[in-house]
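Worksheet for the structure shown next.
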Amino acid sequence: MNRHRQLSEVGAIYLSNIRLVATDMDGTLTRRGKFTPSLLQALEDLAASGIQVLIVTGRSAGWVSGLSSLMPIAGAVAENGGLFYPSGNMKPVALTPIPDLANHRHHLATTFEQLQSKFPRIRESTDNRFRITDWTFDVGSLTPDELQTLSNFCQQMGWGFTYSNVQCHIKPQGQDKAVGLLQVLREYFPEYSPEQVVTVGDSPNDESLFNRHYFPISVGVANVLEYANQLQHQPAYVTTAAEGEGFCELSSYILQSRSEQSS
């Protein structure tokens, strides 16, 4: 594995050029599962400087519809690329078309039952009632080998699979954060070039956001190192601090670089 470069190694000219931050939520914006006052202040400071923030999360449609309207952000992508909620708009934009929702949910439930027959200890997540495109169960104490086995089973049944520090996701094949984010950027933020976007994450379901072919400037908060050996795509840079403090570290670098560039 290559040495991860620190944020201090990013040239100020690159950070001063950033106009949009696309970030994961759990383990990236949160600290021990909660938003902190410093995180909310960082989001306010970015907004005040004209920098758009998009949350790109595996959380359910139900969760994200509220977050997108309550937080100082430009919008949020839910369910690892399944839906987009523009800020202030409670109606989601489908990024993964699902012609028959009832049938889709039934197939997901059946797939989970088959996985549970092989791994009896896995438990459905409580937020599935708020989901549209995917199905989740708690990651719990599953080992990397067990997670890979679950992924293989899903592939054999025609589904995709990913996981975060919180949940495992059974999802439509081809649905991931990068695919969803790229569609949102094309349709809603066409004025921004890839060099004006920084992607941020902390776990395997953020891996596509670290793909340098699409996102040349990507950042992992320090806790991403726990998964470094499991990621094919590595973040270009890693913060010194973990979780929400790492995001605040990135925010400070961006705002400082912009300030120095303008002066």
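How things are named: the first chain in the structure tokens is A, the next is B, and so on; residues count from 1 in each chain; ligands count from 1 in the order shown.
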What are the nearest atom pairs, with distances in Å to one decimal, for all residues of segment 93-178 of chain A that come at most 12 Å from segment 222-236 of chain A, using only C-alpha atoms, set out by chain and rising residue number as JSON lines?
{"residue": "A:Thr143", "atom": "CA", "partner": "A:Gln230", "partner_atom": "CA", "distance": 11.7}
{"residue": "A:Pro144", "atom": "CA", "partner": "A:Gln230", "partner_atom": "CA", "distance": 8.2}
{"residue": "A:Asp145", "atom": "CA", "partner": "A:Gln230", "partner_atom": "CA", "distance": 10.5}
{"residue": "A:Leu147", "atom": "CA", "partner": "A:Gln230", "partner_atom": "CA", "distance": 10.8}
{"residue": "A:Gln148", "atom": "CA", "partner": "A:Gln230", "partner_atom": "CA", "distance": 10.1}
{"residue": "A:Thr162", "atom": "CA", "partner": "A:Leu231", "partner_atom": "CA", "distance": 11.6}
{"residue": "A:Tyr163", "atom": "CA", "partner": "A:Tyr227", "partner_atom": "CA", "distance": 11.1}
{"residue": "A:Ser164", "atom": "CA", "partner": "A:Tyr227", "partner_atom": "CA", "distance": 9.9}
{"residue": "A:Asn165", "atom": "CA", "partner": "A:Tyr227", "partner_atom": "CA", "distance": 9.7}
{"residue": "A:Ala178", "atom": "CA", "partner": "A:His233", "partner_atom": "CA", "distance": 11.9}
May I have all residues of segment 50-227 of chain A that DSSP, computed from the backbone, assigns to strand (DSSP E or B), given as an NGL selection string?
:A and (52-56 or 75-78 or 83-86 or 93-94 or 124 or 135-138 or 160-163 or 167-171 or 197-201 or 218-220)
Residue among A:Leu150, A:Leu54, A:Val139, A:Ala78 lying closest to Phe189 of chain A, counting only C-alpha atoms:
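Selected residue with least distance to Phe189 of chain A: A:Leu54.
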Separation of atom CA of Pro172 of chain A from atom CA of Thr23 of chain A in Å:
21.6 Å
If we count only C-alpha atoms and set the cut-off at 10 Å, which residues sit around Leu101 of chain A, ignoring sequence neighbours fewer than 5 positions away in its own chain? Please answer as a VMD selection string.
chain A and resid 106 to 107 132 to 133
Based on the selection just made, write N, CA, C and O atoms of those residues as a PDB file, in the first residue's frame.
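And here's out_21.pdb as it stands now:
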ATOM      1  N   HIS A 106     -39.627  -6.624  -2.200  1.00  0.00           N
ATOM      2  CA  HIS A 106     -39.821  -8.056  -1.925  1.00  0.00           C
ATOM      3  C   HIS A 106     -38.568  -8.857  -2.274  1.00  0.00           C
ATOM      4  O   HIS A 106     -38.136  -9.725  -1.497  1.00  0.00           O
ATOM      5  N   HIS A 107     -37.970  -8.559  -3.418  1.00  0.00           N
ATOM      6  CA  HIS A 107     -36.757  -9.277  -3.821  1.00  0.00           C
ATOM      7  C   HIS A 107     -35.607  -8.998  -2.858  1.00  0.00           C
ATOM      8  O   HIS A 107     -34.825  -9.893  -2.535  1.00  0.00           O
ATOM      9  N   ILE A 132     -35.703   2.902  -0.011  1.00  0.00           N
ATOM     10  CA  ILE A 132     -36.356   2.707  -1.304  1.00  0.00           C
ATOM     11  C   ILE A 132     -35.547   1.754  -2.180  1.00  0.00           C
ATOM     12  O   ILE A 132     -36.076   0.760  -2.674  1.00  0.00           O
ATOM     13  N   THR A 133     -34.258   2.035  -2.354  1.00  0.00           N
ATOM     14  CA  THR A 133     -33.483   1.301  -3.362  1.00  0.00           C
ATOM     15  C   THR A 133     -32.679   0.138  -2.802  1.00  0.00           C
ATOM     16  O   THR A 133     -32.335  -0.781  -3.542  1.00  0.00           O
TER      17      THR A 133
END
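In terms of minimum interatomic distance to Glu243 of chain A, A:Val200 ranks closest within A:Ile73, A:Val200, A:Val56, A:Ala109, counting only C-alpha atoms.
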Proximity check segment 154-257 of chain A to segment 85-95 of chain A, 12 Å, nearest pairs one decimal Å, only C-alpha atoms, as a Markdown table:
| residue | atom | partner | partner_atom | distance |
| --- | --- | --- | --- | --- |
| A:Pro172 | CA | A:Leu95 | CA | 11.4 |
| A:Gly174 | CA | A:Leu95 | CA | 11.2 |
| A:Gln175 | CA | A:Leu95 | CA | 8.6 |
| A:Asp176 | CA | A:Leu95 | CA | 10.2 |
| A:Lys177 | CA | A:Leu95 | CA | 10.5 |
| A:Ala178 | CA | A:Leu95 | CA | 11.5 |
| A:Val179 | CA | A:Leu95 | CA | 8.8 |
| A:Gly180 | CA | A:Leu95 | CA | 6.2 |
| A:Leu181 | CA | A:Leu95 | CA | 9.2 |
| A:Leu182 | CA | A:Leu95 | CA | 10.3 |
| A:Gln183 | CA | A:Leu95 | CA | 7.6 |
| A:Val184 | CA | A:Leu95 | CA | 8.4 |
| A:Leu185 | CA | A:Pro86 | CA | 11.7 |
| A:Glu187 | CA | A:Val93 | CA | 11.1 |
| A:Tyr188 | CA | A:Pro86 | CA | 8.9 |
| A:Phe189 | CA | A:Pro86 | CA | 11.3 |
Dump of C-alpha atoms for the selected residues, as a PDB file, in the first residue's frame:
ATOM      1  CA  PRO A 172     -28.808  -2.780  -7.246  1.00  0.00           C
ATOM      2  CA  GLY A 174     -23.888  -0.575 -10.472  1.00  0.00           C
ATOM      3  CA  GLN A 175     -25.387   1.680  -7.805  1.00  0.00           C
ATOM      4  CA  ASP A 176     -22.617   3.404  -5.893  1.00  0.00           C
ATOM      5  CA  LYS A 177     -21.695   6.805  -4.556  1.00  0.00           C
ATOM      6  CA  ALA A 178     -19.512   7.838  -7.498  1.00  0.00           C
ATOM      7  CA  VAL A 179     -22.140   6.964 -10.117  1.00  0.00           C
ATOM      8  CA  GLY A 180     -24.829   8.868  -8.232  1.00  0.00           C
ATOM      9  CA  LEU A 181     -22.595  11.843  -7.476  1.00  0.00           C
ATOM     10  CA  LEU A 182     -21.403  12.142 -11.074  1.00  0.00           C
ATOM     11  CA  GLN A 183     -25.017  12.240 -12.273  1.00  0.00           C
ATOM     12  CA  VAL A 184     -25.877  14.935  -9.724  1.00  0.00           C
ATOM     13  CA  LEU A 185     -22.821  16.987 -10.703  1.00  0.00           C
ATOM     14  CA  GLU A 187     -27.340  17.735 -13.943  1.00  0.00           C
ATOM     15  CA  TYR A 188     -27.231  20.194 -11.054  1.00  0.00           C
ATOM     16  CA  PHE A 189     -23.676  21.566 -10.880  1.00  0.00           C
TER      17      PHE A 189
END
I'd like to know which of A:Glu79, A:Asp202, A:Asp45, A:Glu113 is closest to Val238 of chain A, using only C-alpha atoms.
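Of all the options, A:Asp202 lies closest to Val238 of chain A.
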Rounded to one decimal in Å, what is the spacing between atom CA of Thr57 of chain A and atom CA of Asn205 of chain A?
8.8 Å
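Using only C-alpha atoms, the smallest distance between any of A:Leu115, A:Asp26, A:Ile18, A:Trp63 and Trp159 of chain A comes from A:Leu115.
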Give me, as a PDB file with all heavy atoms, in the first residue's frame, all polymer residues having an atom no more than 6 Å from segment 125-130 of chain A, counting only C-alpha atoms and skipping those fewer than 4 positions away in the same chain.
ATOM      1  N   SER A  60     -30.691   6.109   4.795  1.00  0.00           N
ATOM      2  CA  SER A  60     -31.949   5.896   4.082  1.00  0.00           C
ATOM      3  C   SER A  60     -32.551   7.184   3.541  1.00  0.00           C
ATOM      4  O   SER A  60     -32.236   8.291   3.996  1.00  0.00           O
ATOM      5  CB  SER A  60     -32.964   5.243   5.032  1.00  0.00           C
ATOM      6  OG  SER A  60     -33.336   6.168   6.048  1.00  0.00           O
ATOM      7  N   GLY A  62     -35.491   8.218   4.089  1.00  0.00           N
ATOM      8  CA  GLY A  62     -36.205   8.895   5.158  1.00  0.00           C
ATOM      9  C   GLY A  62     -35.323   9.805   5.986  1.00  0.00           C
ATOM     10  O   GLY A  62     -35.699  10.930   6.315  1.00  0.00           O
ATOM     11  N   THR A 136     -30.611  -2.956   4.246  1.00  0.00           N
ATOM     12  CA  THR A 136     -29.431  -2.935   5.108  1.00  0.00           C
ATOM     13  C   THR A 136     -29.571  -3.853   6.308  1.00  0.00           C
ATOM     14  O   THR A 136     -30.668  -4.140   6.787  1.00  0.00           O
ATOM     15  CB  THR A 136     -29.150  -1.508   5.628  1.00  0.00           C
ATOM     16  OG1 THR A 136     -30.299  -1.009   6.316  1.00  0.00           O
ATOM     17  CG2 THR A 136     -28.794  -0.581   4.488  1.00  0.00           C
ATOM     18  N   PHE A 137     -28.395  -4.294   6.776  1.00  0.00           N
ATOM     19  CA  PHE A 137     -28.316  -5.005   8.054  1.00  0.00           C
ATOM     20  C   PHE A 137     -27.064  -4.531   8.776  1.00  0.00           C
ATOM     21  O   PHE A 137     -26.129  -4.024   8.158  1.00  0.00           O
ATOM     22  CB  PHE A 137     -28.341  -6.533   7.868  1.00  0.00           C
ATOM     23  CG  PHE A 137     -27.311  -7.092   6.925  1.00  0.00           C
ATOM     24  CD1 PHE A 137     -26.096  -7.580   7.384  1.00  0.00           C
ATOM     25  CD2 PHE A 137     -27.571  -7.161   5.553  1.00  0.00           C
ATOM     26  CE1 PHE A 137     -25.159  -8.134   6.514  1.00  0.00           C
ATOM     27  CE2 PHE A 137     -26.652  -7.708   4.674  1.00  0.00           C
ATOM     28  CZ  PHE A 137     -25.430  -8.190   5.147  1.00  0.00           C
ATOM     29  N   ASP A 138     -27.086  -4.650  10.080  1.00  0.00           N
ATOM     30  CA  ASP A 138     -26.015  -4.099  10.898  1.00  0.00           C
ATOM     31  C   ASP A 138     -24.704  -4.825  10.636  1.00  0.00           C
ATOM     32  O   ASP A 138     -24.667  -6.064  10.559  1.00  0.00           O
ATOM     33  CB  ASP A 138     -26.366  -4.185  12.382  1.00  0.00           C
ATOM     34  CG  ASP A 138     -27.626  -3.396  12.723  1.00  0.00           C
ATOM     35  OD1 ASP A 138     -27.957  -2.473  11.956  1.00  0.00           O
ATOM     36  OD2 ASP A 138     -28.269  -3.704  13.746  1.00  0.00           O
TER      37      ASP A 138
END
Which of segment 14-230 of chain A end up as alpha helix (DSSP H) when DSSP is run on this backbone - answer as an NGL selection string?
:A and (14-16 or 37-48 or 61-70 or 101-118 or 144-156 or 177-188)
Identify, on the basis of only C-alpha atoms, every residue whose closest approach to Phe35 of chain A does not exceed 12 Å; exclude the query and any residue fewer than 2 positions from it along the same chain; express the result as number ranges by chain.
A: 25-33, 37-43, 67, 71, 243-245, 247-248
Those residues you just picked out, can you put them in a file as an mmCIF file, in the first residue's frame with N, CA, C and O atoms?
data_model
loop_
_atom_site.group_PDB
_atom_site.id
_atom_site.type_symbol
_atom_site.label_atom_id
_atom_site.label_comp_id
_atom_site.auth_asym_id
_atom_site.auth_seq_id
_atom_site.Cartn_x
_atom_site.Cartn_y
_atom_site.Cartn_z
ATOM 1 N N MET A 25 -21.185 10.885 5.447
ATOM 2 C CA MET A 25 -21.678 11.415 6.716
ATOM 3 C C MET A 25 -21.143 10.625 7.917
ATOM 4 O O MET A 25 -20.305 11.124 8.659
ATOM 5 N N ASP A 26 -21.620 9.392 8.117
ATOM 6 C CA ASP A 26 -21.239 8.637 9.312
ATOM 7 C C ASP A 26 -19.747 8.337 9.335
ATOM 8 O O ASP A 26 -19.200 7.749 8.396
ATOM 9 N N GLY A 27 -19.093 8.737 10.419
ATOM 10 C CA GLY A 27 -17.662 8.503 10.541
ATOM 11 C C GLY A 27 -16.821 9.522 9.810
ATOM 12 O O GLY A 27 -15.595 9.511 9.930
ATOM 13 N N THR A 28 -17.462 10.411 9.057
ATOM 14 C CA THR A 28 -16.753 11.462 8.322
ATOM 15 C C THR A 28 -17.167 12.844 8.824
ATOM 16 O O THR A 28 -16.328 13.699 9.079
ATOM 17 N N LEU A 29 -18.473 13.058 8.960
ATOM 18 C CA LEU A 29 -18.976 14.305 9.542
ATOM 19 C C LEU A 29 -19.271 14.143 11.038
ATOM 20 O O LEU A 29 -19.221 15.111 11.788
ATOM 21 N N THR A 30 -19.586 12.929 11.441
ATOM 22 C CA THR A 30 -19.955 12.695 12.837
ATOM 23 C C THR A 30 -18.738 12.427 13.708
ATOM 24 O O THR A 30 -17.663 12.076 13.228
ATOM 25 N N ARG A 31 -18.919 12.587 14.999
ATOM 26 C CA ARG A 31 -17.937 12.177 16.007
ATOM 27 C C ARG A 31 -18.667 11.299 17.015
ATOM 28 O O ARG A 31 -19.583 11.756 17.677
ATOM 29 N N ARG A 32 -18.262 10.029 17.042
ATOM 30 C CA ARG A 32 -18.961 9.049 17.880
ATOM 31 C C ARG A 32 -20.460 9.033 17.582
ATOM 32 O O ARG A 32 -21.304 8.956 18.475
ATOM 33 N N GLY A 33 -20.790 9.166 16.324
ATOM 34 C CA GLY A 33 -22.172 9.072 15.884
ATOM 35 C C GLY A 33 -22.988 10.338 15.984
ATOM 36 O O GLY A 33 -24.178 10.321 15.674
ATOM 37 N N PRO A 37 -20.815 20.848 17.474
ATOM 38 C CA PRO A 37 -20.909 22.273 17.166
ATOM 39 C C PRO A 37 -19.838 22.732 16.181
ATOM 40 O O PRO A 37 -20.111 23.557 15.304
ATOM 41 N N SER A 38 -18.629 22.182 16.296
ATOM 42 C CA SER A 38 -17.553 22.590 15.382
ATOM 43 C C SER A 38 -17.836 22.138 13.958
ATOM 44 O O SER A 38 -17.497 22.840 12.995
ATOM 45 N N LEU A 39 -18.468 20.982 13.800
ATOM 46 C CA LEU A 39 -18.831 20.507 12.459
ATOM 47 C C LEU A 39 -19.882 21.420 11.839
ATOM 48 O O LEU A 39 -19.754 21.845 10.676
ATOM 49 N N LEU A 40 -20.912 21.754 12.606
ATOM 50 C CA LEU A 40 -21.962 22.628 12.081
ATOM 51 C C LEU A 40 -21.405 24.005 11.737
ATOM 52 O O LEU A 40 -21.805 24.614 10.738
ATOM 53 N N GLN A 41 -20.448 24.483 12.545
ATOM 54 C CA GLN A 41 -19.820 25.767 12.247
ATOM 55 C C GLN A 41 -19.008 25.689 10.962
ATOM 56 O O GLN A 41 -18.998 26.633 10.154
ATOM 57 N N ALA A 42 -18.299 24.566 10.764
ATOM 58 C CA ALA A 42 -17.520 24.386 9.537
ATOM 59 C C ALA A 42 -18.423 24.419 8.311
ATOM 60 O O ALA A 42 -18.088 25.032 7.282
ATOM 61 N N LEU A 43 -19.581 23.767 8.397
ATOM 62 C CA LEU A 43 -20.528 23.786 7.275
ATOM 63 C C LEU A 43 -21.038 25.196 7.017
ATOM 64 O O LEU A 43 -21.176 25.613 5.863
ATOM 65 N N LEU A 67 -32.403 15.662 6.606
ATOM 66 C CA LEU A 67 -31.080 16.289 6.665
ATOM 67 C C LEU A 67 -30.905 17.347 5.585
ATOM 68 O O LEU A 67 -30.358 18.427 5.836
ATOM 69 N N MET A 71 -29.976 21.163 7.156
ATOM 70 C CA MET A 71 -28.560 21.514 7.261
ATOM 71 C C MET A 71 -28.152 22.537 6.200
ATOM 72 O O MET A 71 -28.786 22.621 5.140
ATOM 73 N N GLU A 243 -12.654 11.238 11.993
ATOM 74 C CA GLU A 243 -14.084 11.536 11.987
ATOM 75 C C GLU A 243 -14.370 13.023 11.708
ATOM 76 O O GLU A 243 -13.743 13.626 10.844
ATOM 77 N N GLY A 244 -15.322 13.603 12.442
ATOM 78 C CA GLY A 244 -15.735 14.977 12.167
ATOM 79 C C GLY A 244 -14.619 15.984 12.309
ATOM 80 O O GLY A 244 -14.587 16.996 11.585
ATOM 81 N N GLU A 245 -13.676 15.714 13.233
ATOM 82 C CA GLU A 245 -12.534 16.623 13.373
ATOM 83 C C GLU A 245 -11.681 16.635 12.109
ATOM 84 O O GLU A 245 -11.100 17.660 11.748
ATOM 85 N N PHE A 247 -12.893 16.228 9.053
ATOM 86 C CA PHE A 247 -13.599 17.082 8.088
ATOM 87 C C PHE A 247 -13.354 18.545 8.409
ATOM 88 O O PHE A 247 -13.139 19.355 7.495
ATOM 89 N N CYS A 248 -13.382 18.908 9.688
ATOM 90 C CA CYS A 248 -13.134 20.302 10.074
ATOM 91 C C CYS A 248 -11.714 20.721 9.706
ATOM 92 O O CYS A 248 -11.478 21.875 9.315
#
Applying 8 Å and only C-alpha atoms, which residues near Thr240 of chain A remain after dropping the ones on its own chain fewer than 5 positions away? List them as an mmCIF file with C-alpha atoms, in the first residue's frame.
data_model
loop_
_atom_site.group_PDB
_atom_site.id
_atom_site.type_symbol
_atom_site.label_atom_id
_atom_site.label_comp_id
_atom_site.auth_asym_id
_atom_site.auth_seq_id
_atom_site.Cartn_x
_atom_site.Cartn_y
_atom_site.Cartn_z
ATOM 1 C CA GLN A 6 -1.193 14.403 4.440
ATOM 2 C CA LEU A 7 -3.412 17.400 3.747
ATOM 3 C CA VAL A 221 -10.471 11.300 7.348
ATOM 4 C CA ALA A 222 -7.866 9.517 9.484
ATOM 5 C CA GLY A 246 -10.899 15.423 10.168
ATOM 6 C CA GLU A 249 -9.401 20.049 9.383
#
List as a PyMOL selection string the protein and nucleic acid residues near Phe161 of chain A, meaning an atom at most 9 Å away when only C-alpha atoms are counted, but skip any in the same chain fewer than 3 places from it.
chain A and resi 150-152+154-155+168-173
So, counting only C-alpha atoms, which residue among A:Leu250, A:Ala74, A:Thr96, A:Tyr14 is closest to Gly220 of chain A?
A:Leu250
